[in-house]
Structures are given as C-alpha cells and as structure tokens.
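S.K.: The following block contains the structure, expressed as structure tokens.
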Amino acid sequence: MYILNAPTGIKEGRQLLGRMVRAARAMRGWTLDDLKEQIAQNVSYRSDSGIEPYIVSKSQLSVLERGQPVLDPLLFESIAVLELLDHPIEQRALMIEEIKAINCGLFDLKTGAWLSSEPSRVLTQSVIAS
C-alpha cells in the first residue's frame, strides 16, 4: 500500500495561504457557500462507484482560511482547479505544487521562486500488519 505524504504545512505558510484564499474569494464576491458550490460544480474525483463531485464542507473551507492544518489534499487541488490564486510574477494561476509549497513555506510569493528543491509530495510505502 502507498500513502501520499501530505504535510500539514508550517503555521506561517498555512496562514498566508488562508489569507490568499479569503482575499481571492472576497475579490470575486463569493461567500464560503459560493466557494463550496463552485468546488462541487467543478471538481470531481474517481470513487469505487464512479466519478463523484468533490463535496467540501463550509467548515473545511473556514479551517483553510483561518490557517489551520488542512488534512484533505483534494482541497488544495480544488483551489488549483478553480484557478483561484494568481502566480505573483507570471500571468497564470498557481499550480497545485505551488499551492502546497506555499502551505509548507517553500514558495516565495515576492519572487515566484521555490525556497527548497525538495519535492512537494513524497510517496512512501507502508506495511499494514494484519
């Protein structure tokens, strides 16, 4: 079995990302309910029963905006899919790896540069005892 190591980030990175999401949402005139609906309409995932809309709760979005640890990596991917956040230098939306790097304090928003060469995701093998 493989487990995706999704770090919860560092406090400063989480808070910065939360402020960015809140500001982008406010700039669009969206409430948390509006953002929740945009995610449900535009983000899907594959489950055992087929393709399902990704349903995020208002409280999960609030946790993200408050800079608290986000345990669901699909939430970061949803922000990327919606192209909610702009790259600070280039004329494009932030990619998922950049969003995760901001969360972990590994991406400089002033320069658009990576602060570390470490990969944002690491696959680790896990053995489950039966």
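Going by the structure tokens order, chains are called A, B, ..., each with residues numbered from 1, while ligands are numbered from 1 in the order shown.
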Which residues are near region 25-42 of chain A? Cut-off 8 Å, only C-alpha atoms, ignore same chain within fewer than 5 positions. Put them as a list in words.

M.R.: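 After dropping sequence-adjacent residues, the list is Pro53, Tyr54, Ile55, Val56, Ser57, Lys58, Leu61, Ser62, Ser78, Val81, Leu82 and Leu84 of chain A.
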
S.K.: Find the spatial neighbours of region 66-69 of chain A, counting only C-alpha atoms, within a cut-off of 12 Å - ignore same-chain residues fewer than 4 positions away - and output them as a list in words.

M.R.: Ala6, Pro7, Thr8, Gly9, Ile10, Lys11, Glu12, Gly13, Arg14, Gln15, Leu16, Leu17, Gly18, Arg19, Met20, Val21, Arg22, Ala23, Ser59, Gln60, Leu61, Ser62, Pro73, Leu75, Phe76, Lys100, Ile102, Asn103 and Cys104 of chain A

S.K.: Run DSSP on the backbone and grab whatever in chain A lands in strand (DSSP E or B); send it over as a list of chain:residue names.

M.R.: A:Tyr2, A:Ile3, A:Leu4, A:Asn5, A:Ser44, A:Tyr45, A:Arg46, A:Ser47, A:Gly50, A:Ile51, A:Glu52, A:Pro53, A:Asp86, A:Ala93, A:Phe107, A:Asp108, A:Ala113, A:Trp114, A:Val122, A:Leu123, A:Thr124, A:Gln125

S.K.: Compile the contact shell of Leu94 (chain A) as a ChimeraX atom specification: residues with an atom at most 10 Å away, counting only C-alpha atoms, same-chain residues fewer than 3 positions apart removed.

M.R.: /A:79-81,83-88,90-91,97-100,112

S.K.: Could you list, as a list of chain:residue names, every residue within 10 Å of Ala113 (chain A), counting only C-alpha atoms and ignoring same-chain residues fewer than 3 positions away?

M.R.: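 The contact residues come out as A:Pro88, A:Ile89, A:Glu98, A:Leu106, A:Phe107, A:Asp108, A:Leu109, A:Lys110, A:Ser116.
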
S.K.: Just list as a list in words whatever in region 89-119 of chain A DSSP marks as alpha helix (DSSP H).

M.R.: Ile96, Glu97, Glu98, Ile99, Lys100, Ala101, Ile102 and Asn103 of chain A

S.K.: Save the residues we just selected, N, CA and C atoms, as a PDB file, in the first residue's frame?

M.R.:
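The resulting file, selection-v7.pdb, is reproduced below:
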```pdb
ATOM      1  N   ILE A  96      -0.975  23.315  -8.430  1.00  0.00           N
ATOM      2  CA  ILE A  96      -1.157  22.574  -7.186  1.00  0.00           C
ATOM      3  C   ILE A  96       0.146  22.481  -6.397  1.00  0.00           C
ATOM      4  N   GLU A  97       1.272  22.215  -7.066  1.00  0.00           N
ATOM      5  CA  GLU A  97       2.543  22.084  -6.358  1.00  0.00           C
ATOM      6  C   GLU A  97       2.923  23.399  -5.686  1.00  0.00           C
ATOM      7  N   GLU A  98       2.621  24.520  -6.339  1.00  0.00           N
ATOM      8  CA  GLU A  98       2.942  25.825  -5.770  1.00  0.00           C
ATOM      9  C   GLU A  98       2.043  26.130  -4.568  1.00  0.00           C
ATOM     10  N   ILE A  99       0.783  25.761  -4.654  1.00  0.00           N
ATOM     11  CA  ILE A  99      -0.140  25.971  -3.536  1.00  0.00           C
ATOM     12  C   ILE A  99       0.309  25.171  -2.319  1.00  0.00           C
ATOM     13  N   LYS A 100       0.683  23.914  -2.546  1.00  0.00           N
ATOM     14  CA  LYS A 100       1.176  23.088  -1.440  1.00  0.00           C
ATOM     15  C   LYS A 100       2.479  23.647  -0.884  1.00  0.00           C
ATOM     16  N   ALA A 101       3.322  24.179  -1.769  1.00  0.00           N
ATOM     17  CA  ALA A 101       4.601  24.744  -1.320  1.00  0.00           C
ATOM     18  C   ALA A 101       4.377  25.995  -0.473  1.00  0.00           C
ATOM     19  N   ILE A 102       3.404  26.830  -0.831  1.00  0.00           N
ATOM     20  CA  ILE A 102       3.074  27.995  -0.005  1.00  0.00           C
ATOM     21  C   ILE A 102       2.645  27.518   1.375  1.00  0.00           C
ATOM     22  N   ASN A 103       1.792  26.505   1.409  1.00  0.00           N
ATOM     23  CA  ASN A 103       1.312  25.936   2.670  1.00  0.00           C
ATOM     24  C   ASN A 103       2.471  25.472   3.550  1.00  0.00           C
TER      25      ASN A 103
END
```

S.K.: Counting only C-alpha atoms, which of A:Trp114, A:Arg92, A:Ser44, A:Ala24 gets nearest to Glu65 (chain A)?

M.R.: A:Ala24
